[in-house]
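Enquirer: Just so it is clear, I am handing over model-v8.cif, which has mmCIF, C-alpha atoms and all ligand atoms.
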```cif
data_input
#
loop_
_atom_site.label_atom_id
_atom_site.label_comp_id
_atom_site.auth_asym_id
_atom_site.auth_seq_id
_atom_site.Cartn_x
_atom_site.Cartn_y
_atom_site.Cartn_z
CA MET A 1 11.22 86.79 -38.32
CA ASN A 2 11.19 85.55 -41.90
CA PHE A 3 14.27 85.47 -44.05
CA ILE A 4 14.49 83.26 -47.13
CA SER A 5 17.76 83.27 -49.07
CA ASP A 6 16.25 81.65 -52.17
CA SER A 7 13.22 79.51 -52.80
CA PHE A 8 15.26 76.31 -53.42
CA SER A 9 17.29 74.98 -50.48
CA ASP A 10 20.25 72.66 -50.50
CA VAL A 11 19.10 71.51 -47.07
CA LEU A 12 15.67 72.20 -45.61
CA ILE A 13 15.36 71.69 -41.86
CA VAL A 14 11.83 71.28 -40.57
CA GLY A 15 11.74 72.36 -36.91
CA GLY A 16 13.62 75.19 -35.22
CA GLY A 17 14.34 73.78 -31.75
CA ILE A 18 17.78 73.04 -30.32
CA ILE A 19 18.21 70.11 -32.71
CA GLY A 20 17.24 71.95 -35.91
CA LEU A 21 19.23 75.07 -34.96
CA SER A 22 22.37 73.13 -33.95
CA LEU A 23 22.19 71.15 -37.16
CA ALA A 24 21.79 74.30 -39.27
CA ARG A 25 24.93 75.75 -37.68
CA LYS A 26 26.96 72.60 -38.18
CA LEU A 27 25.88 72.26 -41.83
CA HIS A 28 26.79 75.89 -42.43
CA LYS A 29 30.21 75.35 -40.87
CA LYS A 30 30.71 72.41 -43.23
CA GLY A 31 30.10 74.67 -46.21
CA VAL A 32 26.48 73.86 -47.11
CA LYS A 33 25.21 77.00 -48.85
CA LYS A 34 21.44 77.33 -48.92
CA ILE A 35 20.02 76.15 -45.62
CA THR A 36 16.46 76.95 -44.61
CA ILE A 37 14.71 76.29 -41.30
CA LEU A 38 10.92 76.04 -41.35
CA GLU A 39 9.32 76.53 -37.94
CA ARG A 40 5.60 76.19 -37.24
CA GLY A 41 5.66 78.77 -34.43
CA LYS A 42 8.63 80.85 -33.37
CA LEU A 43 12.17 79.49 -33.24
CA GLY A 44 13.20 77.78 -30.01
CA GLN A 45 10.00 78.15 -28.00
CA GLU A 46 9.05 74.52 -27.42
CA ALA A 47 10.76 71.67 -25.49
CA SER A 48 14.19 73.26 -25.89
CA PHE A 49 13.01 76.43 -24.16
CA ALA A 50 11.18 74.50 -21.43
CA ALA A 51 14.19 72.34 -20.53
CA ALA A 52 16.29 72.53 -17.39
CA GLY A 53 19.58 72.54 -19.32
CA MET A 54 21.20 69.70 -17.40
CA LEU A 55 24.03 67.90 -19.15
CA ALA A 56 23.73 64.78 -17.08
CA PRO A 57 25.01 61.53 -18.61
CA GLN A 58 25.68 60.05 -15.17
CA ALA A 59 22.49 61.14 -13.39
CA GLU A 60 20.17 60.35 -16.32
CA THR A 61 21.31 57.02 -17.76
CA GLU A 62 21.06 53.56 -16.24
CA LYS A 63 23.96 51.55 -17.66
CA PRO A 64 27.11 52.00 -19.76
CA ASP A 65 25.42 51.18 -23.08
CA ASP A 66 25.42 52.96 -26.46
CA PHE A 67 22.99 55.56 -25.18
CA PHE A 68 25.25 56.40 -22.24
CA HIS A 69 28.27 56.71 -24.56
CA PHE A 70 26.29 58.92 -26.93
CA CYS A 71 25.37 61.19 -23.97
CA ASP A 72 28.91 61.19 -22.61
CA GLU A 73 30.53 62.01 -25.97
CA SER A 74 28.06 64.83 -26.57
CA ASN A 75 28.72 66.25 -23.11
CA LYS A 76 32.44 66.35 -23.88
CA LEU A 77 31.72 68.54 -26.92
CA TYR A 78 30.14 71.25 -24.73
CA PRO A 79 33.22 73.22 -23.61
CA ASN A 80 34.24 73.78 -27.23
CA PHE A 81 30.63 74.35 -28.35
CA ALA A 82 30.24 77.07 -25.68
CA LYS A 83 33.55 78.72 -26.59
CA GLU A 84 32.84 78.70 -30.33
CA LEU A 85 29.35 80.13 -29.84
CA LEU A 86 30.76 82.94 -27.70
CA ASP A 87 33.28 83.77 -30.44
CA GLU A 88 30.70 83.47 -33.22
CA THR A 89 27.79 85.31 -31.61
CA GLY A 90 28.97 87.07 -28.44
CA VAL A 91 26.40 85.06 -26.44
CA ASP A 92 27.64 83.30 -23.30
CA ILE A 93 25.59 80.11 -22.89
CA GLU A 94 26.66 79.84 -19.23
CA LEU A 95 28.18 76.37 -19.32
CA ASP A 96 28.49 75.57 -15.62
CA LYS A 97 30.88 72.74 -14.77
CA SER A 98 30.25 72.70 -10.99
CA GLY A 99 28.96 69.12 -11.14
CA THR A 100 25.85 67.37 -9.85
CA LEU A 101 24.89 65.92 -6.47
CA TYR A 102 22.51 62.95 -6.36
CA LEU A 103 20.81 62.53 -2.96
CA ALA A 104 19.27 59.54 -1.18
CA PHE A 105 16.54 60.04 1.45
CA SER A 106 15.40 56.46 2.17
CA GLU A 107 16.66 52.89 2.15
CA ARG A 108 15.25 52.49 -1.33
CA ASP A 109 17.07 55.62 -2.53
CA VAL A 110 20.28 54.35 -0.92
CA ALA A 111 19.96 51.07 -2.84
CA GLU A 112 19.40 53.06 -6.04
CA ILE A 113 22.43 55.31 -5.63
CA ARG A 114 24.71 52.44 -4.57
CA LYS A 115 23.74 50.54 -7.71
CA ARG A 116 24.44 53.68 -9.75
CA TYR A 117 27.79 54.13 -7.98
CA GLU A 118 28.82 50.55 -8.72
CA TRP A 119 28.11 50.52 -12.46
CA GLN A 120 29.75 53.90 -12.90
CA ARG A 121 32.82 52.99 -10.86
CA ASP A 122 33.10 49.68 -12.79
CA ALA A 123 32.86 51.63 -16.04
CA GLY A 124 35.76 53.83 -14.92
CA LEU A 125 33.67 57.01 -14.61
CA GLN A 126 34.39 59.82 -12.17
CA VAL A 127 31.90 59.44 -9.31
CA GLU A 128 32.26 60.05 -5.57
CA HIS A 129 30.21 58.35 -2.84
CA LEU A 130 29.59 60.88 -0.02
CA THR A 131 28.28 60.65 3.53
CA ALA A 132 25.41 62.97 4.48
CA GLN A 133 27.87 65.27 6.29
CA GLU A 134 30.15 65.45 3.28
CA ALA A 135 27.22 66.28 1.03
CA ARG A 136 25.95 69.00 3.40
CA LYS A 137 29.40 70.48 3.65
CA ILE A 138 29.43 70.92 -0.13
CA GLU A 139 25.83 72.17 -0.26
CA PRO A 140 24.68 73.58 3.14
CA PHE A 141 21.06 74.22 2.04
CA ILE A 142 20.20 70.56 1.40
CA SER A 143 17.88 68.75 3.79
CA PRO A 144 19.13 67.28 7.11
CA ASP A 145 17.21 64.12 6.10
CA VAL A 146 19.74 63.20 3.40
CA CYS A 147 21.20 59.70 4.09
CA GLU A 148 24.05 59.68 1.59
CA ALA A 149 24.88 61.06 -1.84
CA LEU A 150 26.82 60.73 -5.07
CA PHE A 151 28.80 63.50 -6.70
CA PHE A 152 29.26 63.53 -10.49
CA PRO A 153 31.93 66.14 -11.29
CA ASN A 154 31.30 65.72 -15.04
CA ASP A 155 27.51 66.22 -15.06
CA TRP A 156 27.12 69.92 -15.91
CA GLN A 157 24.45 72.40 -16.93
CA VAL A 158 23.92 75.09 -19.54
CA GLU A 159 21.47 78.01 -19.79
CA ASN A 160 19.39 76.44 -22.57
CA ARG A 161 17.46 79.63 -23.34
CA LYS A 162 20.73 81.49 -23.94
CA LEU A 163 21.92 78.56 -26.04
CA LEU A 164 18.83 78.99 -28.23
CA THR A 165 19.54 82.73 -28.49
CA ALA A 166 23.13 82.02 -29.52
CA LEU A 167 22.11 79.49 -32.18
CA GLN A 168 19.42 81.79 -33.56
CA LYS A 169 21.97 84.60 -33.71
CA TYR A 170 24.40 82.31 -35.54
CA ALA A 171 21.67 81.56 -38.09
CA GLU A 172 20.89 85.26 -38.59
CA ILE A 173 24.55 86.34 -38.87
CA ASN A 174 25.25 83.62 -41.42
CA ARG A 175 22.11 84.16 -43.50
CA ILE A 176 20.60 80.77 -42.83
CA GLY A 177 17.02 81.04 -44.09
CA ILE A 178 14.42 81.17 -41.34
CA VAL A 179 10.70 80.95 -41.96
CA GLU A 180 8.51 81.15 -38.88
CA SER A 181 4.77 80.41 -38.70
CA ALA A 182 5.37 77.76 -41.39
CA GLU A 183 3.92 74.44 -40.34
CA VAL A 184 4.88 71.63 -42.68
CA LYS A 185 1.82 69.45 -43.24
CA ASN A 186 3.09 67.17 -45.97
CA LEU A 187 6.23 65.92 -47.69
CA LEU A 188 5.88 65.67 -51.44
CA ILE A 189 7.71 62.45 -52.32
CA GLU A 190 7.93 61.00 -55.83
CA ASN A 191 9.80 57.87 -56.89
CA GLY A 192 11.60 57.60 -53.57
CA LYS A 193 12.79 61.23 -53.50
CA THR A 194 11.50 64.12 -51.39
CA LEU A 195 10.82 67.04 -53.73
CA SER A 196 9.46 69.57 -51.26
CA ALA A 197 7.94 70.22 -47.86
CA GLU A 198 4.48 71.77 -48.01
CA THR A 199 2.69 74.10 -45.64
CA ALA A 200 -1.00 74.96 -46.11
CA SER A 201 -0.06 77.75 -48.53
CA GLN A 202 3.48 77.18 -49.80
CA LYS A 203 5.87 74.57 -51.20
CA PHE A 204 9.54 74.57 -50.14
CA PRO A 205 11.60 72.56 -52.64
CA ALA A 206 14.94 71.19 -51.48
CA GLU A 207 17.75 68.82 -52.35
CA LYS A 208 17.70 67.30 -48.85
CA VAL A 209 15.09 67.47 -46.09
CA ILE A 210 15.59 66.87 -42.35
CA LEU A 211 12.80 66.35 -39.85
CA ALA A 212 13.88 67.94 -36.56
CA THR A 213 10.30 68.26 -35.45
CA GLY A 214 10.48 66.99 -31.88
CA ALA A 215 7.21 65.80 -30.34
CA TRP A 216 5.27 66.70 -33.53
CA THR A 217 7.23 64.45 -35.91
CA SER A 218 4.46 61.88 -36.41
CA LEU A 219 1.91 64.51 -37.46
CA ILE A 220 3.63 65.12 -40.81
CA LYS A 221 2.08 63.29 -43.75
CA SER A 222 3.83 62.13 -46.90
CA SER A 223 2.57 61.62 -50.45
CA GLU A 224 4.32 58.24 -50.68
CA ASN A 225 4.21 55.73 -47.86
CA VAL A 226 7.44 55.72 -45.81
CA PRO A 227 7.19 52.56 -43.71
CA SER A 228 10.04 53.51 -41.41
CA LEU A 229 8.76 57.02 -40.58
CA PRO A 230 9.13 57.16 -36.80
CA ASN A 231 6.37 57.18 -34.26
CA VAL A 232 7.06 59.93 -31.74
CA ARG A 233 4.71 61.17 -29.04
CA PRO A 234 4.72 64.08 -26.58
CA ILE A 235 5.52 63.58 -22.88
CA ARG A 236 4.74 66.69 -20.87
CA GLY A 237 7.23 68.09 -18.39
CA GLN A 238 6.09 70.80 -15.97
CA MET A 239 8.67 72.98 -14.25
CA LEU A 240 8.76 75.95 -11.92
CA SER A 241 11.39 78.36 -10.70
CA PHE A 242 12.07 80.17 -7.44
CA HIS A 243 13.57 83.60 -7.28
CA THR A 244 16.53 84.26 -5.00
CA ALA A 245 18.59 87.44 -4.73
CA LYS A 246 21.81 85.46 -4.97
CA ARG A 247 22.74 81.88 -5.83
CA LEU A 248 21.90 79.61 -2.84
CA LEU A 249 23.05 76.33 -4.37
CA SER A 250 26.34 75.75 -6.12
CA LYS A 251 25.43 72.59 -8.04
CA VAL A 252 22.63 70.80 -9.81
CA ILE A 253 20.94 68.59 -7.21
CA TYR A 254 19.05 65.42 -8.02
CA SER A 255 16.92 63.03 -6.05
CA PRO A 256 15.19 59.96 -7.48
CA ARG A 257 12.00 62.10 -7.62
CA GLY A 258 13.11 65.47 -8.92
CA TYR A 259 15.88 67.99 -9.39
CA LEU A 260 16.95 71.55 -8.63
CA VAL A 261 19.03 73.60 -11.07
CA PRO A 262 20.56 76.83 -9.74
CA ARG A 263 21.24 79.50 -12.36
CA PHE A 264 23.83 82.29 -12.19
CA ASP A 265 21.06 84.94 -12.06
CA GLY A 266 19.75 83.53 -8.75
CA ARG A 267 16.81 81.50 -10.13
CA ILE A 268 16.43 77.91 -8.97
CA LEU A 269 14.60 75.68 -11.45
CA ALA A 270 12.65 72.72 -10.05
CA GLY A 271 11.64 69.83 -12.27
CA ALA A 272 9.96 67.93 -13.61
CA THR A 273 6.77 65.99 -14.23
CA VAL A 274 6.71 63.17 -16.79
CA GLU A 275 3.14 62.92 -18.14
CA ASP A 276 1.59 61.18 -21.10
CA VAL A 277 -1.24 63.66 -21.77
CA GLY A 278 -1.00 64.34 -25.50
CA PHE A 279 -0.34 67.78 -27.01
CA ASN A 280 -1.30 69.59 -23.84
CA LYS A 281 1.13 72.14 -22.40
CA SER A 282 -1.04 73.26 -19.47
CA VAL A 283 0.47 73.81 -16.05
CA THR A 284 -1.70 72.04 -13.46
CA GLN A 285 -2.13 72.43 -9.70
CA SER A 286 -1.28 68.75 -9.15
CA GLY A 287 1.88 69.23 -11.23
CA ILE A 288 2.95 72.25 -9.17
CA ASP A 289 2.20 70.41 -5.90
CA PHE A 290 4.36 67.47 -7.06
CA LEU A 291 7.26 69.78 -8.01
CA LEU A 292 7.06 71.69 -4.72
CA GLU A 293 7.03 68.50 -2.69
CA ASN A 294 10.14 67.18 -4.43
CA ALA A 295 11.95 70.52 -4.32
CA LEU A 296 11.29 70.92 -0.59
CA GLU A 297 12.42 67.37 0.08
CA ILE A 298 15.81 68.34 -1.41
CA ALA A 299 16.06 71.82 0.14
CA PRO A 300 13.37 72.65 2.75
CA SER A 301 14.44 76.30 3.04
CA LEU A 302 13.08 76.95 -0.45
CA VAL A 303 9.68 77.17 1.25
CA ASN A 304 10.41 80.82 2.03
CA LEU A 305 11.16 81.77 -1.55
CA GLN A 306 8.92 83.36 -4.09
CA LEU A 307 7.85 81.33 -7.15
CA SER A 308 8.90 83.28 -10.23
CA GLU A 309 7.71 81.18 -13.18
CA LYS A 310 5.77 78.01 -14.05
CA TRP A 311 5.83 76.37 -17.45
CA ALA A 312 5.55 73.11 -19.37
CA GLY A 313 7.04 71.59 -22.50
CA LEU A 314 6.58 68.46 -24.60
CA ARG A 315 9.44 66.00 -24.72
CA PRO A 316 9.71 63.97 -27.95
CA PHE A 317 9.43 60.29 -26.97
CA ALA A 318 9.90 57.16 -29.11
CA SER A 319 8.55 53.85 -27.83
CA ASP A 320 12.00 52.68 -26.66
CA GLY A 321 12.90 56.08 -25.18
CA LEU A 322 15.90 56.51 -27.50
CA PRO A 323 16.70 59.14 -30.15
CA ILE A 324 15.83 58.51 -33.78
CA LEU A 325 18.63 59.61 -36.10
CA GLY A 326 19.49 59.17 -39.72
CA THR A 327 18.15 58.08 -43.04
CA PHE A 328 15.22 56.19 -44.53
CA PRO A 329 16.05 53.37 -46.93
CA GLU A 330 12.98 54.10 -49.07
CA ILE A 331 13.75 57.82 -49.49
CA GLU A 332 17.25 58.80 -50.52
CA ASN A 333 17.19 62.45 -49.43
CA LEU A 334 15.12 62.40 -46.23
CA PHE A 335 16.77 62.49 -42.79
CA THR A 336 15.57 62.75 -39.23
CA ALA A 337 16.92 63.84 -35.85
CA THR A 338 14.19 63.50 -33.27
CA ALA A 339 12.98 61.71 -30.11
CA HIS A 340 15.70 63.05 -27.82
CA TYR A 341 13.17 62.73 -25.00
CA ARG A 342 14.82 63.89 -21.70
CA ASN A 343 18.27 64.68 -23.11
CA GLY A 344 17.97 66.81 -26.23
CA ILE A 345 19.98 69.71 -24.80
CA LEU A 346 22.78 67.35 -23.82
CA LEU A 347 22.62 65.52 -27.15
CA ALA A 348 22.41 68.52 -29.50
CA PRO A 349 26.14 68.95 -30.30
CA LEU A 350 26.79 65.31 -31.17
CA THR A 351 23.47 64.91 -32.99
CA ALA A 352 24.35 67.94 -35.11
CA GLU A 353 27.83 66.62 -35.79
CA ILE A 354 26.85 63.14 -36.92
CA LEU A 355 23.89 64.31 -39.04
CA ALA A 356 25.99 67.04 -40.66
CA ASP A 357 28.76 64.51 -41.34
CA LYS A 358 26.22 62.27 -43.06
CA ILE A 359 24.46 65.00 -45.03
CA ALA A 360 27.52 66.99 -46.10
CA GLU A 361 30.12 64.23 -46.41
CA ASN A 362 28.17 60.96 -46.48
CA PHE A 363 30.10 59.81 -43.42
CA ASP A 364 28.31 57.22 -41.27
CA SER A 365 28.75 57.43 -37.51
CA LYS A 366 28.06 54.15 -35.71
CA TYR A 367 25.27 56.01 -33.87
CA LEU A 368 23.31 56.34 -37.13
CA GLU A 369 22.99 52.57 -37.08
CA VAL A 370 22.30 52.31 -33.34
CA PHE A 371 19.55 54.97 -33.43
CA SER A 372 18.26 54.33 -36.96
CA PRO A 373 14.50 54.72 -37.64
CA LEU A 374 14.75 51.26 -39.20
CA ARG A 375 14.78 49.61 -35.78
CA PHE A 376 11.01 50.22 -35.56
CA ALA A 377 10.33 48.87 -39.04
CA ALA A 378 12.17 45.68 -38.05
CA ALA A 379 10.12 45.44 -34.83
CA ARG A 380 6.85 46.03 -36.76
CA ALA A 381 7.74 43.26 -39.24
CA ILE A 382 8.31 40.78 -36.37
CA CYS A 383 4.91 41.71 -34.84
CA LYS A 384 3.00 40.98 -38.09
P1 LIG B 401 11.76 71.14 -29.78
O1 LIG B 401 12.52 72.09 -28.98
O2 LIG B 401 10.36 70.83 -29.33
O3 LIG B 401 11.75 71.70 -31.24
C1 LIG B 401 11.01 71.11 -32.29
C2 LIG B 401 10.53 72.27 -33.14
O4 LIG B 401 9.92 71.77 -34.31
C3 LIG B 401 9.47 73.10 -32.41
O5 LIG B 401 9.87 74.45 -32.38
C4 LIG B 401 8.22 72.89 -33.24
O6 LIG B 401 7.36 74.01 -33.27
C5 LIG B 401 8.81 72.59 -34.62
N1 LIG B 401 7.92 71.81 -35.47
C6 LIG B 401 7.30 70.66 -35.12
N2 LIG B 401 6.55 70.22 -36.17
C7 LIG B 401 6.72 71.11 -37.17
C8 LIG B 401 6.20 71.20 -38.49
N3 LIG B 401 5.36 70.28 -38.97
N4 LIG B 401 6.58 72.24 -39.27
C9 LIG B 401 7.45 73.18 -38.79
N5 LIG B 401 7.94 73.14 -37.53
C10 LIG B 401 7.60 72.12 -36.74
N6 LIG B 401 17.10 67.81 -22.06
C11 LIG B 401 18.35 67.88 -21.56
O7 LIG B 401 19.31 67.51 -22.23
N7 LIG B 401 18.57 68.36 -20.29
C12 LIG B 401 17.55 68.76 -19.49
O8 LIG B 401 17.77 69.19 -18.37
C13 LIG B 401 16.24 68.69 -19.99
N8 LIG B 401 15.21 69.06 -19.21
C14 LIG B 401 13.95 69.05 -19.70
C15 LIG B 401 12.92 69.50 -18.89
C16 LIG B 401 11.63 69.58 -19.42
C17 LIG B 401 10.52 70.08 -18.55
C18 LIG B 401 11.38 69.19 -20.76
C19 LIG B 401 10.01 69.31 -21.35
C20 LIG B 401 12.42 68.70 -21.55
C21 LIG B 401 13.70 68.61 -21.03
N9 LIG B 401 14.78 68.13 -21.77
C22 LIG B 401 16.04 68.21 -21.30
C23 LIG B 401 14.55 67.51 -23.07
C24 LIG B 401 14.82 68.50 -24.21
O9 LIG B 401 14.18 69.70 -23.94
C25 LIG B 401 14.35 67.93 -25.54
O10 LIG B 401 14.85 66.62 -25.73
C26 LIG B 401 14.84 68.81 -26.69
O11 LIG B 401 14.46 70.14 -26.46
C27 LIG B 401 14.30 68.35 -28.03
O12 LIG B 401 14.72 69.29 -28.98
P2 LIG B 401 13.98 69.39 -30.37
O13 LIG B 401 14.63 70.47 -31.13
O14 LIG B 401 13.90 68.04 -30.98
O15 LIG B 401 12.48 69.74 -29.97
N1 LIG B 402 16.20 65.79 -18.31
C1 LIG B 402 15.27 66.35 -17.42
C2 LIG B 402 13.87 66.17 -17.80
O1 LIG B 402 13.56 65.70 -18.84
O2 LIG B 402 13.03 66.49 -16.99
#
```
Would you mind writing the structure in this file as structure tokens?
Ligand code: FAD
Ligand code: GLY
Expert:
Amino acid sequence: MNFISDSFSDVLIVGGGIIGLSLARKLHKKGVKKITILERGKLGQEASFAAAGMLAPQAETEKPDDFFHFCDESNKLYPNFAKELLDETGVDIELDKSGTLYLAFSERDVAEIRKRYEWQRDAGLQVEHLTAQEARKIEPFISPDVCEALFFPNDWQVENRKLLTALQKYAEINRIGIVESAEVKNLLIENGKTLSAETASQKFPAEKVILATGAWTSLIKSSENVPSLPNVRPIRGQMLSFHTAKRLLSKVIYSPRGYLVPRFDGRILAGATVEDVGFNKSVTQSGIDFLLENALEIAPSLVNLQLSEKWAGLRPFASDGLPILGTFPEIENLFTATAHYRNGILLAPLTAEILADKIAENFDSKYLEVFSPLRFAAARAICK
């Protein structure tokens, strides 16, 4: 679908995944008029579509640092985000607040979950330490080999594909420009200002440009050197899903090796591999074997279920594993929101909020400093 409101944009967003779409919505809500999203393929078909939709600050962070707080604050925005999207678009993004179980199967796993329990309890977070019986009472289909478990009542999930549908619908209803099959190859920058983003056949001039280009961010060239342009690379995640007639599990279930995510429609998603194999989205037999092994460790009765889908996506990864958000000192009107790695669904609402605050109101969240692209420039200077 191609819809361009005008050739000149107030804000041009390169990349139509969860980050670009959430940002477009937030900018529109703040009154920015001419917003255009350029997408090299179709909107919302890459990492954001491949994801499991877990909103898991407590299962997926390791200590109560800035990154944890960023995840936690974004998670807290979800109930309102879901409600607003339902009102705005009629799409229910299936925010499921049933919580997450984290299982231990060995002494090593027990040590891992006890450590997790301690830092979370010390940080004042809601976390329950369960015996195997207590865990199996909550979730009868988990393995009899479970030793003990944690329960995170505030780690939730969302149907990320419906979230993408809702955000796309928001863009269409509100006449946000959308240009698909438009791969930006180059940024035309003169005297420290981005003038336009260029595809092979077209120039898209804009007042402000945002790179929300996920795993592909480092492929974009620029006519003037931007020393702090981030280095982002793809990390493949393979997933599969089982089909069940009705929902067998009530919660997201984690182990140190994998996870199961039960959806309202009966599917159970099993994830995920973490592979550094370049821009390769193939599903492999070894990947499927790994996923099945981890899924059956959690819930052996899944062995009787039919596989319904297998897929892979490319997570955007920066060398320190953290998001890259904000501005470039050399270029006054260029912004980025990328490298959300394993948590881009979780982090979309807060990322959109802080970038929109910066772009529309020049307000600086502390997270723009914490996750600035400049941190790499500083590291590169030390290495020289
Ligand atoms: P993408 O969705 O990849 O979107 C980037 C878009 O930019 C793409 O559509 C791409 O085509 C476009 N683009 C790139 N370059 C250009 C260009 N030059 N010109 C025009 N368009 C361009 N996160 C969670 O929070 N919870 C989870 O449970 C979870 N599970 C995951 C499971 C798997 C298997 C994977 C792969 C990821 C998972 N993630 C999860 C991570 C999450 O999916 C990502 O962090 C998030 O989707 C990143 O969003 P994005 O918009 O930056 O990237
Ligand atoms: N956050 C889940 C994953 O990246 O696999």
Enquirer: Neighbours of ligand LIG 401 (chain B) within 6 Å, counting only C-alpha atoms and all ligand atoms, as a PyMOL selection string?
Expert: chain A and resi 14-20+38-41+43-48+50-55+182-185+212-214+216-217+220+236-239+272+312-315+338+340-346
Enquirer: So what do you get for CA of Ser241 in chain A versus CA of Val277 in chain A, distance-wise?
Expert: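 These two atoms are separated by 22.3 Å.
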Enquirer: Identify, on the basis of only C-alpha atoms, every residue whose closest approach to Val303 in chain A does not exceed 12 Å; exclude the query and any residue fewer than 2 positions from it along the same chain; express the result as a short mmCIF file (atom, residue, chain, number, x, y, z; two decimals) with C-alpha atoms, in the coordinates of the input.
Expert:
```
data_model
loop_
_atom_site.label_atom_id
_atom_site.label_comp_id
_atom_site.auth_asym_id
_atom_site.auth_seq_id
_atom_site.Cartn_x
_atom_site.Cartn_y
_atom_site.Cartn_z
CA PHE A 141 21.06 74.22 2.04
CA PHE A 242 12.07 80.17 -7.44
CA HIS A 243 13.57 83.60 -7.28
CA THR A 244 16.53 84.26 -5.00
CA LEU A 292 7.06 71.69 -4.72
CA GLU A 293 7.03 68.50 -2.69
CA ASN A 294 10.14 67.18 -4.43
CA ALA A 295 11.95 70.52 -4.32
CA LEU A 296 11.29 70.92 -0.59
CA GLU A 297 12.42 67.37 0.08
CA ILE A 298 15.81 68.34 -1.41
CA ALA A 299 16.06 71.82 0.14
CA PRO A 300 13.37 72.65 2.75
CA SER A 301 14.44 76.30 3.04
CA LEU A 305 11.16 81.77 -1.55
CA GLN A 306 8.92 83.36 -4.09
CA LEU A 307 7.85 81.33 -7.15
#
```
Enquirer: Which value, in Å to one decimal, gives the distance between CA of Phe105 in chain A and CA of Val146 in chain A?
Expert: 4.9 Å
Enquirer: Which of these, A:Ile176, A:Pro256, A:Asn225, A:Glu190, has the shortest distance to Val110 in chain A once you count all atoms listed in the file?
Expert: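 Looking at the shortest contact to Val110 in chain A, the residue is A:Pro256.
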Enquirer: At what distance in Å, to one decimal, does CA of Arg233 in chain A lie from CA of Asp276 in chain A?
Expert: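 The value is 8.5 Å.
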Enquirer: Which one of A:Phe363, A:Tyr259, A:Phe328, A:Phe204 sits closest to Ala56 in chain A if you count all atoms listed in the file?
Expert: A:Tyr259
Enquirer: What are the centre and edge lengths in Å, to one decimal, of the axis-aligned box around all listed atoms of range 5-19 of chain A with 5 Å added on each side, as AutoDock Vina command-line options?
Expert:
```
--center_x 16.0 --center_y 76.7 --center_z -41.9 --size_x 18.5 --size_y 23.2 --size_z 33.1
```
Enquirer: So, with all atoms listed in the file as the atoms that count, which of A:Val179, A:Ala339, A:Gly326, A:Glu148 lies closest to Asn362 in chain A?
Expert: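 Checking each candidate against Asn362 in chain A, we get A:Gly326 as the closest.
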Enquirer: Would you please work out which residue, of A:Glu134, A:His69, A:Lys169, A:Thr61, is nearest to Gly90 in chain A when using all atoms listed in the file?
Expert: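 Looking only at the distances to Gly90 in chain A, the closest residue turns out to be A:Lys169.
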Enquirer: For Ala356 in chain A, please output as a list in words all residues within 9 Å (counting all atoms listed in the file; exclusion window: fewer than 3 positions along the same chain).
Expert: Leu23, Ala24, Lys26, Leu27, Lys30, Thr351, Ala352, Glu353, Ile359, Ala360, Glu361, Asn362 and Phe363 of chain A
Enquirer: Nearest residue to Asn333 in chain A out of A:Gly271, A:Pro230, A:Gly192, A:Pro316, using all atoms listed in the file?
Expert: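 Among A:Gly271, A:Pro230, A:Gly192, A:Pro316, it is A:Gly192 that comes nearest to Asn333 in chain A.
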Enquirer: Rank nothing, just name the residue among A:Asp96, A:Glu88, A:Glu275, A:Glu112 nearest to ligand LIG 402 (chain B), using all atoms listed in the file.
Expert: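 Of all the options, A:Glu275 lies closest to ligand LIG 402 (chain B).
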Enquirer: Find the residues near Ser250 in chain A: any atom within 12 Å, counting all atoms listed in the file, skip ones fewer than 4 places away on the same chain, and give them as a list in words.
Expert: Asp96, Lys97, Ser98, Gly99, Thr100, Leu101, Ala135, Arg136, Lys137, Ile138, Glu139, Pro140, Phe141, Ile142, Trp156, Gln157, Lys246, Leu260, Val261, Pro262, Arg263, Phe264, Gly266, Arg267 and Ile268 of chain A
Enquirer: Got a sec: who's within 10 Å of Glu224 in chain A, counting all atoms listed in the file, leaving out chain neighbours fewer than 5 positions off, as a list in words?
Expert: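 With the cut-off at 10 Å, the set is Leu187, Leu188, Ile189, Glu190, Asn191, Gly192, Lys193, Thr194, Glu330 and Ile331 of chain A.
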Enquirer: Could you give me, as a count of residues only, the residues that have an atom at most 8 Å away from the point (25.7, 77.5, -23.1) in the coordinates of the file, using all atoms listed in the file?
Expert: 12
Enquirer: Would you mind writing range 333-338 of chain A with N, CA and C atoms, as an mmCIF file, in the frame of the given file?
Expert:
```cif
data_model
loop_
_atom_site.group_PDB
_atom_site.id
_atom_site.type_symbol
_atom_site.label_atom_id
_atom_site.label_comp_id
_atom_site.auth_asym_id
_atom_site.auth_seq_id
_atom_site.Cartn_x
_atom_site.Cartn_y
_atom_site.Cartn_z
ATOM 1 N N ASN A 333 16.761 61.121 -49.883
ATOM 2 C CA ASN A 333 17.190 62.450 -49.430
ATOM 3 C C ASN A 333 16.410 62.951 -48.209
ATOM 4 N N LEU A 334 15.854 62.022 -47.444
ATOM 5 C CA LEU A 334 15.120 62.400 -46.230
ATOM 6 C C LEU A 334 15.888 61.913 -45.004
ATOM 7 N N PHE A 335 16.007 62.799 -44.003
ATOM 8 C CA PHE A 335 16.770 62.490 -42.790
ATOM 9 C C PHE A 335 15.910 62.867 -41.581
ATOM 10 N N THR A 336 16.248 62.299 -40.446
ATOM 11 C CA THR A 336 15.570 62.750 -39.230
ATOM 12 C C THR A 336 16.528 62.825 -38.048
ATOM 13 N N ALA A 337 16.198 63.722 -37.123
ATOM 14 C CA ALA A 337 16.920 63.840 -35.850
ATOM 15 C C ALA A 337 15.856 64.242 -34.825
ATOM 16 N N THR A 338 15.325 63.229 -34.171
ATOM 17 C CA THR A 338 14.190 63.500 -33.270
ATOM 18 C C THR A 338 14.215 62.527 -32.093
#
```
